[in-house]
file entry_13.txt (compact mmCIF, C-alpha atoms)
# COMPACT_ATOMS: atom_id res chain seq x y z
CA MET O 14 0.00 0.00 0.00
CA SER O 15 1.21 3.52 -0.82
CA VAL O 16 0.02 6.69 0.91
CA VAL O 17 0.14 9.66 -1.49
CA LYS O 18 -0.48 13.31 -0.59
CA ALA O 19 -2.83 14.43 -3.36
CA GLY O 20 -3.70 18.07 -3.22
CA PRO O 21 -5.30 20.39 -2.67
CA CYS O 22 -4.67 21.47 -6.27
CA VAL O 23 -5.65 24.86 -7.66
CA VAL O 24 -6.86 25.45 -11.23
CA THR O 25 -4.27 27.73 -12.86
CA TYR O 26 -5.43 27.70 -16.51
CA ILE O 27 -8.20 26.24 -18.66
CA LYS O 28 -7.44 25.21 -22.24
CA ASN O 29 -10.41 25.29 -24.62
CA GLU O 30 -11.26 23.48 -27.82
CA ASP O 31 -11.50 26.61 -29.98
CA LYS O 32 -8.10 28.07 -29.10
CA ASP O 33 -6.04 24.98 -28.19
CA GLY O 34 -7.85 22.18 -30.03
CA TYR O 35 -8.82 20.27 -26.86
CA TRP O 36 -10.21 20.78 -23.35
CA ALA O 37 -7.76 20.62 -20.46
CA LEU O 38 -7.20 21.88 -16.93
CA GLN O 39 -3.80 23.05 -15.76
CA LEU O 40 -3.50 22.26 -12.05
CA GLY O 41 -1.00 23.73 -9.60
CA PHE O 42 0.27 21.85 -6.56
CA GLY O 43 2.56 22.75 -3.66
CA LYS O 44 3.72 26.16 -2.50
CA LYS O 45 6.49 28.48 -3.64
CA LYS O 46 7.23 32.05 -2.52
CA ILE O 47 6.08 34.66 -5.05
CA LYS O 48 9.50 36.35 -4.94
CA ASN O 49 10.99 33.15 -6.42
CA VAL O 50 8.54 33.07 -9.36
CA THR O 51 9.45 34.84 -12.62
CA LYS O 52 7.27 37.78 -13.71
CA PRO O 53 5.93 36.01 -16.84
CA LEU O 54 4.90 33.00 -14.72
CA GLN O 55 3.35 35.32 -12.12
CA GLY O 56 1.20 36.77 -14.90
CA HIS O 57 0.19 33.28 -16.04
CA LEU O 58 -0.66 32.24 -12.46
CA LYS O 59 -2.38 35.48 -11.39
CA GLY O 60 -5.70 33.75 -10.65
CA ALA O 61 -4.02 31.01 -8.60
CA ILE O 62 -1.62 33.08 -6.47
CA ASN O 63 -2.43 33.18 -2.75
CA GLU O 64 -2.03 36.90 -1.95
CA LYS O 65 -2.49 36.38 1.80
CA GLU O 66 0.33 33.82 2.13
CA LYS O 67 2.30 35.34 -0.79
CA THR O 68 2.67 31.90 -2.42
CA ALA O 69 2.21 30.43 -5.88
CA PRO O 70 1.90 26.78 -6.99
CA ARG O 71 5.29 25.00 -7.17
CA PHE O 72 4.33 22.33 -9.74
CA LEU O 73 2.05 22.56 -12.78
CA ARG O 74 0.44 19.59 -14.53
CA GLU O 75 -2.14 19.35 -17.33
CA VAL O 76 -5.18 17.07 -17.22
CA ARG O 77 -7.05 16.49 -20.49
CA LEU O 78 -10.86 16.50 -20.47
CA ASP O 79 -13.58 15.32 -22.86
CA LYS O 80 -15.86 18.32 -22.35
CA GLU O 81 -15.85 21.85 -20.95
CA PRO O 82 -15.03 21.82 -17.21
CA GLU O 83 -17.39 23.29 -14.60
CA LEU O 84 -14.41 24.72 -12.70
CA LYS O 85 -12.87 28.15 -13.21
CA VAL O 86 -9.37 29.55 -12.62
CA GLY O 87 -8.62 29.81 -8.90
CA ASP O 88 -10.95 26.96 -7.85
CA VAL O 89 -9.47 24.40 -5.46
CA VAL O 90 -9.75 20.71 -6.38
CA LYS O 91 -9.69 18.28 -3.45
CA VAL O 92 -8.87 14.57 -3.55
CA SER O 93 -12.42 13.64 -2.48
CA ASP O 94 -13.86 15.57 -5.47
CA ILE O 95 -12.14 13.27 -7.98
CA PHE O 96 -11.47 9.85 -6.44
CA LYS O 97 -13.56 7.39 -4.46
CA VAL O 98 -12.72 4.04 -2.87
CA GLY O 99 -12.60 1.25 -5.46
CA ASP O 100 -11.51 3.42 -8.40
CA THR O 101 -8.87 1.99 -10.74
CA VAL O 102 -5.99 4.41 -11.30
CA GLN O 103 -2.65 4.63 -13.02
CA VAL O 104 0.27 6.46 -11.41
CA THR O 105 2.95 8.20 -13.51
CA GLY O 106 6.21 9.53 -12.12
CA MET O 107 9.98 9.54 -12.43
CA SER O 108 11.73 6.40 -11.17
CA LYS O 109 14.61 6.52 -8.70
CA GLY O 110 17.90 7.65 -10.21
CA LYS O 111 20.68 5.05 -9.85
CA GLY O 112 23.65 6.97 -11.25
CA PHE O 113 26.14 5.81 -13.88
CA ALA O 114 25.87 2.05 -14.53
CA GLY O 115 27.51 -0.40 -16.90
CA ALA O 116 25.74 -2.43 -19.58
CA VAL O 117 25.46 -5.54 -17.39
CA LYS O 118 23.62 -3.73 -14.58
CA ARG O 119 21.68 -1.29 -16.76
CA TRP O 120 20.54 -3.56 -19.61
CA LYS O 121 21.07 -7.07 -18.13
CA PHE O 122 23.81 -7.95 -20.65
CA ALA O 123 25.37 -11.38 -20.04
CA GLY O 124 28.99 -10.20 -20.24
CA GLY O 125 31.79 -12.34 -21.65
CA PRO O 126 33.11 -15.74 -20.59
CA LYS O 127 35.07 -15.90 -17.34
CA THR O 128 37.71 -18.30 -18.69
CA HIS O 129 39.36 -19.32 -22.00
CA GLY O 130 41.87 -16.49 -22.05
CA GLN O 131 39.57 -13.59 -21.18
CA SER O 132 41.27 -10.93 -19.11
CA ASP O 133 39.18 -7.76 -19.15
CA ARG O 134 35.99 -8.76 -21.03
CA HIS O 135 33.93 -10.14 -18.13
CA ARG O 136 31.45 -7.24 -17.93
CA ALA O 137 32.12 -5.61 -21.31
CA PRO O 138 29.18 -5.00 -23.69
CA GLY O 139 30.86 -6.60 -26.72
CA ALA O 140 30.53 -5.20 -30.25
CA ILE O 141 28.42 -2.06 -30.66
CA GLY O 142 27.96 -2.06 -34.43
CA GLN O 143 28.85 -3.51 -37.84
CA GLY O 144 31.66 -2.45 -40.17
CA THR O 145 32.10 -0.04 -43.07
CA THR O 146 28.38 -0.30 -43.69
CA PRO O 147 26.73 1.52 -41.95
CA GLY O 148 29.97 3.00 -40.59
CA ARG O 149 28.28 4.39 -37.49
CA VAL O 150 26.64 3.33 -34.25
CA PHE O 151 22.84 3.29 -34.41
CA LYS O 152 20.90 5.70 -32.21
CA GLY O 153 19.48 4.11 -29.08
CA LYS O 154 22.24 1.49 -28.84
CA ARG O 155 22.20 0.06 -25.35
CA MET O 156 25.43 1.04 -23.61
CA ALA O 157 26.70 2.12 -20.21
CA GLY O 158 25.23 5.38 -18.95
CA ARG O 159 23.04 7.02 -16.37
CA MET O 160 20.49 4.53 -15.06
CA GLY O 161 17.03 5.28 -13.70
CA PHE O 162 15.15 8.59 -13.51
CA ASP O 163 12.87 7.45 -16.33
CA LYS O 164 9.16 8.25 -16.73
CA ILE O 165 7.30 5.20 -15.41
CA THR O 166 3.56 4.45 -15.39
CA VAL O 167 2.20 1.82 -12.99
CA LYS O 168 -1.24 0.70 -14.17
CA ASN O 169 -4.25 -1.08 -12.65
CA LEU O 170 -3.85 0.14 -9.08
CA LYS O 171 -6.91 0.43 -6.81
CA VAL O 172 -7.85 3.27 -4.47
CA ILE O 173 -8.31 1.55 -1.11
CA GLY O 174 -8.88 4.63 1.02
CA ILE O 175 -9.18 8.42 1.05
CA GLU O 176 -8.42 10.78 3.93
CA PRO O 177 -9.89 14.17 2.86
CA GLU O 178 -8.79 16.05 5.99
CA LYS O 179 -5.13 15.15 5.28
CA SER O 180 -5.54 15.27 1.45
CA GLU O 181 -4.17 11.73 1.24
CA ILE O 182 -5.09 8.84 -1.02
CA LEU O 183 -4.26 5.21 -0.20
CA ILE O 184 -3.30 3.16 -3.26
CA SER O 185 -2.83 -0.60 -3.45
CA GLY O 186 0.69 -1.37 -4.64
CA PRO O 187 3.91 0.51 -5.32
CA VAL O 188 4.31 3.91 -6.97
CA PRO O 189 7.42 5.08 -8.88
CA GLY O 190 10.19 7.23 -7.46
CA THR O 191 11.40 8.51 -4.12
CA PRO O 192 9.00 9.57 -1.33
CA SER O 193 9.30 13.26 -2.28
CA ARG O 194 8.67 12.73 -6.02
CA VAL O 195 5.66 14.40 -7.70
CA LEU O 196 3.21 11.89 -9.20
CA MET O 197 0.33 12.13 -11.66
CA ILE O 198 -2.62 9.96 -10.59
CA THR O 199 -5.14 9.34 -13.39
CA LYS O 200 -8.48 7.53 -13.23
CA THR O 201 -8.81 4.72 -15.78
CA ASN O 202 -11.96 3.24 -17.30
CA ALA O 203 -11.19 -0.31 -16.15
call {"tool": "encode", "arguments": {"input": "entry_13.txt", "output": "structure tokens"}}
result
Amino acid sequence: MSVVKAGPCVVTYIKNEDKDGYWALQLGFGKKKIKNVTKPLQGHLKGAINEKEKTAPRFLREVRLDKEPELKVGDVVKVSDIFKVGDTVQVTGMSKGKGFAGAVKRWKFAGGPKTHGQSDRHRAPGAIGQGTTPGRVFKGKRMAGRMGFDKITVKNLKVIGIEPEKSEILISGPVPGTPSRVLMITKTNA
């Protein structure tokens, strides 16, 4: 079970079908001091800025809609407004970063033989291309590099509880990333 703090989120912008080609809500989450927000972004967020606390939303995410929303800019969306117990959801976020890793750890390469004259080929990736034709290494070739911090979506998770007073949602199963990572929780039709 995973406990996720989900909101409250404030509506920062509404995209419409005439101007943008589709309906969508831009939601803001978290708090950030206004003095740390650029002037162009302050103008964009003017309906969502909390003048009393002098804060603006820290994170912005877009949620696509099928029809025109009933909400307007500045409205607060709570977790209990969207989700209920038993809903099937998918959770998208960035996985944990693991740092620089070799091909064996990163891509599960087998490595070379341990014996028969091998000296430094035990965890080497082997050949990375052909010869004169094509005369280059193809894009996307699996090699050593930075591992993790990829966009991951975990599907078919169930909402097993909601705590509106804490703005928390209880989800069955694991969610991607570290405890402080921002997640996108989406209802699915299943």
call {"tool": "closest_residue", "arguments": {"input": "entry_13.txt", "among": "O:Phe72, O:Phe151, O:Phe162, O:Phe122", "to": "Met107 of chain O", "atoms": "only C-alpha atoms"}}
result
O:Phe162
call {"tool": "closest_residue", "arguments": {"input": "entry_13.txt", "among": "O:Leu183, O:Val195, O:Val104, O:Met14", "to": "Leu73 of chain O", "atoms": "only C-alpha atoms"}}
result
O:Val195
call {"tool": "residues_around", "arguments": {"input": "entry_13.txt", "residues": "Val90 of chain O", "least_positions_apart": "2", "cutoff": "10 Å", "atoms": "all atoms listed in the file", "output": "JSON, numbers by chain"}}
result
{"O": [19, 20, 21, 22, 23, 24, 40, 41, 84, 87, 88, 92, 93, 94, 95]}
call {"tool": "atom_distance", "arguments": {"input": "entry_13.txt", "atom1": "atom CA of Gly43 of chain O", "atom2": "atom CA of Ala69 of chain O"}}
result
8.0 Å
call {"tool": "closest_residue", "arguments": {"input": "entry_13.txt", "among": "O:Thr191, O:Ser15, O:Asn169, O:Gln39", "to": "Val86 of chain O", "atoms": "all atoms listed in the file"}}
result
O:Gln39
call {"tool": "atom_distance", "arguments": {"input": "entry_13.txt", "atom1": "atom CA of Gly174 of chain O", "atom2": "atom CA of Ala61 of chain O"}}
result
28.5 Å
call {"tool": "atom_distance", "arguments": {"input": "entry_13.txt", "atom1": "atom CA of Val17 of chain O", "atom2": "atom CA of Asn202 of chain O"}}
result
20.9 Å
call {"tool": "residues_near_point", "arguments": {"input": "entry_13.txt", "point": "(23.4, 4.1, -13.0)", "cutoff": "7 Å", "atoms": "all atoms listed in the file", "output": "PyMOL selection string"}}
result
chain O and resi 111-114+119+158-161
call {"tool": "closest_residue", "arguments": {"input": "entry_13.txt", "among": "O:Lys32, O:Lys91, O:Arg71, O:Lys65", "to": "Lys45 of chain O", "atoms": "only C-alpha atoms"}}
result
O:Arg71
call {"tool": "closest_residue", "arguments": {"input": "entry_13.txt", "among": "O:Lys67, O:His129, O:Lys46, O:Lys109", "to": "Lys164 of chain O", "atoms": "only C-alpha atoms"}}
result
O:Lys109
call {"tool": "residues_around", "arguments": {"input": "entry_13.txt", "residues": "Thr201 of chain O", "least_positions_apart": "3", "cutoff": "7 Å", "atoms": "all atoms listed in the file", "output": "MDAnalysis selection string"}}
result
chainID O and resid 101:103
call {"tool": "closest_residue", "arguments": {"input": "entry_13.txt", "among": "O:Gly106, O:Gly124, O:Gly148, O:Gly142", "to": "Pro187 of chain O", "atoms": "only C-alpha atoms"}}
result
O:Gly106
call {"tool": "residues_around", "arguments": {"input": "entry_13.txt", "residues": "Ala116 of chain O", "least_positions_apart": "3", "cutoff": "7 Å", "atoms": "only C-alpha atoms", "output": "JSON, numbers by chain"}}
result
{"O": [119, 120, 121, 122, 138, 156, 157]}
call {"tool": "residues_near_point", "arguments": {"input": "entry_13.txt", "point": "(-9.1, 20.7, -17.4)", "cutoff": "10 Å", "atoms": "only C-alpha atoms", "output": "list in words"}}
result
Val24, Thr25, Tyr26, Ile27, Lys28, Asn29, Tyr35, Trp36, Ala37, Leu38, Gln39, Leu40, Glu75, Val76, Arg77, Leu78, Asp79, Lys80, Glu81, Pro82, Glu83, Leu84 and Lys85 of chain O
call {"tool": "decode", "arguments": {"input": "entry_13.txt", "residues": "segment 106-139 of chain O", "atoms": "N, CA and C atoms", "output": "mmCIF file, in the first residue's frame"}}
result
data_model
loop_
_atom_site.group_PDB
_atom_site.id
_atom_site.type_symbol
_atom_site.label_atom_id
_atom_site.label_comp_id
_atom_site.auth_asym_id
_atom_site.auth_seq_id
_atom_site.Cartn_x
_atom_site.Cartn_y
_atom_site.Cartn_z
ATOM 1 N N GLY O 106 5.188 8.739 -12.796
ATOM 2 C CA GLY O 106 6.207 9.532 -12.118
ATOM 3 C C GLY O 106 7.588 9.136 -12.593
ATOM 4 N N MET O 107 8.594 9.828 -12.078
ATOM 5 C CA MET O 107 9.979 9.538 -12.434
ATOM 6 C C MET O 107 10.537 8.508 -11.457
ATOM 7 N N SER O 108 11.159 7.457 -12.015
ATOM 8 C CA SER O 108 11.727 6.404 -11.171
ATOM 9 C C SER O 108 12.956 6.913 -10.435
ATOM 10 N N LYS O 109 13.419 6.142 -9.471
ATOM 11 C CA LYS O 109 14.608 6.518 -8.703
ATOM 12 C C LYS O 109 15.824 6.560 -9.614
ATOM 13 N N GLY O 110 16.656 7.568 -9.461
ATOM 14 C CA GLY O 110 17.904 7.649 -10.209
ATOM 15 C C GLY O 110 18.947 6.752 -9.568
ATOM 16 N N LYS O 111 19.700 6.004 -10.380
ATOM 17 C CA LYS O 111 20.677 5.049 -9.850
ATOM 18 C C LYS O 111 22.117 5.454 -10.164
ATOM 19 N N GLY O 112 22.299 6.545 -10.908
ATOM 20 C CA GLY O 112 23.654 6.970 -11.248
ATOM 21 C C GLY O 112 24.202 6.234 -12.459
ATOM 22 N N PHE O 113 25.502 6.418 -12.715
ATOM 23 C CA PHE O 113 26.145 5.809 -13.880
ATOM 24 C C PHE O 113 26.266 4.303 -13.664
ATOM 25 N N ALA O 114 25.834 3.514 -14.648
ATOM 26 C CA ALA O 114 25.870 2.054 -14.529
ATOM 27 C C ALA O 114 26.364 1.449 -15.831
ATOM 28 N N GLY O 115 27.011 0.312 -15.727
ATOM 29 C CA GLY O 115 27.507 -0.402 -16.898
ATOM 30 C C GLY O 115 26.394 -1.144 -17.613
ATOM 31 N N ALA O 116 26.738 -1.748 -18.748
ATOM 32 C CA ALA O 116 25.740 -2.425 -19.579
ATOM 33 C C ALA O 116 25.156 -3.650 -18.886
ATOM 34 N N VAL O 117 25.947 -4.332 -18.072
ATOM 35 C CA VAL O 117 25.458 -5.538 -17.391
ATOM 36 C C VAL O 117 24.376 -5.167 -16.382
ATOM 37 N N LYS O 118 24.604 -4.148 -15.578
ATOM 38 C CA LYS O 118 23.617 -3.730 -14.576
ATOM 39 C C LYS O 118 22.430 -3.016 -15.225
ATOM 40 N N ARG O 119 22.727 -2.141 -16.190
ATOM 41 C CA ARG O 119 21.685 -1.287 -16.764
ATOM 42 C C ARG O 119 20.764 -2.036 -17.712
ATOM 43 N N TRP O 120 21.320 -2.889 -18.570
ATOM 44 C CA TRP O 120 20.543 -3.557 -19.612
ATOM 45 C C TRP O 120 20.510 -5.068 -19.469
ATOM 46 N N LYS O 121 21.066 -5.614 -18.399
ATOM 47 C CA LYS O 121 21.072 -7.069 -18.132
ATOM 48 C C LYS O 121 21.859 -7.846 -19.187
ATOM 49 N N PHE O 122 22.944 -7.234 -19.720
ATOM 50 C CA PHE O 122 23.808 -7.953 -20.652
ATOM 51 C C PHE O 122 24.473 -9.113 -19.916
ATOM 52 N N ALA O 123 24.793 -10.184 -20.647
ATOM 53 C CA ALA O 123 25.374 -11.380 -20.038
ATOM 54 C C ALA O 123 26.851 -11.204 -19.711
ATOM 55 N N GLY O 124 27.541 -10.307 -20.427
ATOM 56 C CA GLY O 124 28.986 -10.198 -20.239
ATOM 57 C C GLY O 124 29.694 -11.306 -21.004
ATOM 58 N N GLY O 125 31.011 -11.335 -20.927
ATOM 59 C CA GLY O 125 31.788 -12.341 -21.652
ATOM 60 C C GLY O 125 32.094 -13.551 -20.790
ATOM 61 N N PRO O 126 32.755 -14.551 -21.367
ATOM 62 C CA PRO O 126 33.111 -15.740 -20.588
ATOM 63 C C PRO O 126 34.162 -15.404 -19.527
ATOM 64 N N LYS O 127 34.140 -16.155 -18.442
ATOM 65 C CA LYS O 127 35.075 -15.896 -17.341
ATOM 66 C C LYS O 127 36.440 -16.545 -17.594
ATOM 67 N N THR O 128 36.462 -17.552 -18.457
ATOM 68 C CA THR O 128 37.709 -18.300 -18.689
ATOM 69 C C THR O 128 38.071 -18.265 -20.169
ATOM 70 N N HIS O 129 38.906 -19.202 -20.605
ATOM 71 C CA HIS O 129 39.364 -19.320 -21.997
ATOM 72 C C HIS O 129 40.095 -18.066 -22.460
ATOM 73 N N GLY O 130 40.983 -17.574 -21.634
ATOM 74 C CA GLY O 130 41.869 -16.494 -22.047
ATOM 75 C C GLY O 130 41.319 -15.097 -21.902
ATOM 76 N N GLN O 131 40.125 -14.946 -21.356
ATOM 77 C CA GLN O 131 39.568 -13.594 -21.181
ATOM 78 C C GLN O 131 40.262 -12.907 -20.010
ATOM 79 N N SER O 132 40.628 -11.639 -20.212
ATOM 80 C CA SER O 132 41.274 -10.930 -19.114
ATOM 81 C C SER O 132 40.466 -9.720 -18.652
ATOM 82 N N ASP O 133 39.910 -8.954 -19.578
ATOM 83 C CA ASP O 133 39.176 -7.756 -19.152
ATOM 84 C C ASP O 133 37.824 -7.646 -19.861
ATOM 85 N N ARG O 134 37.242 -8.758 -20.258
ATOM 86 C CA ARG O 134 35.989 -8.756 -21.026
ATOM 87 C C ARG O 134 34.812 -9.306 -20.223
ATOM 88 N N HIS O 135 34.972 -9.473 -18.916
ATOM 89 C CA HIS O 135 33.933 -10.144 -18.126
ATOM 90 C C HIS O 135 32.607 -9.377 -18.124
ATOM 91 N N ARG O 136 32.678 -8.047 -17.983
ATOM 92 C CA ARG O 136 31.453 -7.236 -17.927
ATOM 93 C C ARG O 136 31.388 -6.224 -19.072
ATOM 94 N N ALA O 137 32.108 -6.504 -20.150
ATOM 95 C CA ALA O 137 32.121 -5.609 -21.311
ATOM 96 C C ALA O 137 30.880 -5.851 -22.176
ATOM 97 N N PRO O 138 30.395 -4.828 -22.895
ATOM 98 C CA PRO O 138 29.181 -4.999 -23.693
ATOM 99 C C PRO O 138 29.385 -5.780 -24.982
ATOM 100 N N GLY O 139 30.624 -5.929 -25.448
ATOM 101 C CA GLY O 139 30.864 -6.603 -26.722
ATOM 102 C C GLY O 139 30.814 -5.600 -27.859
#
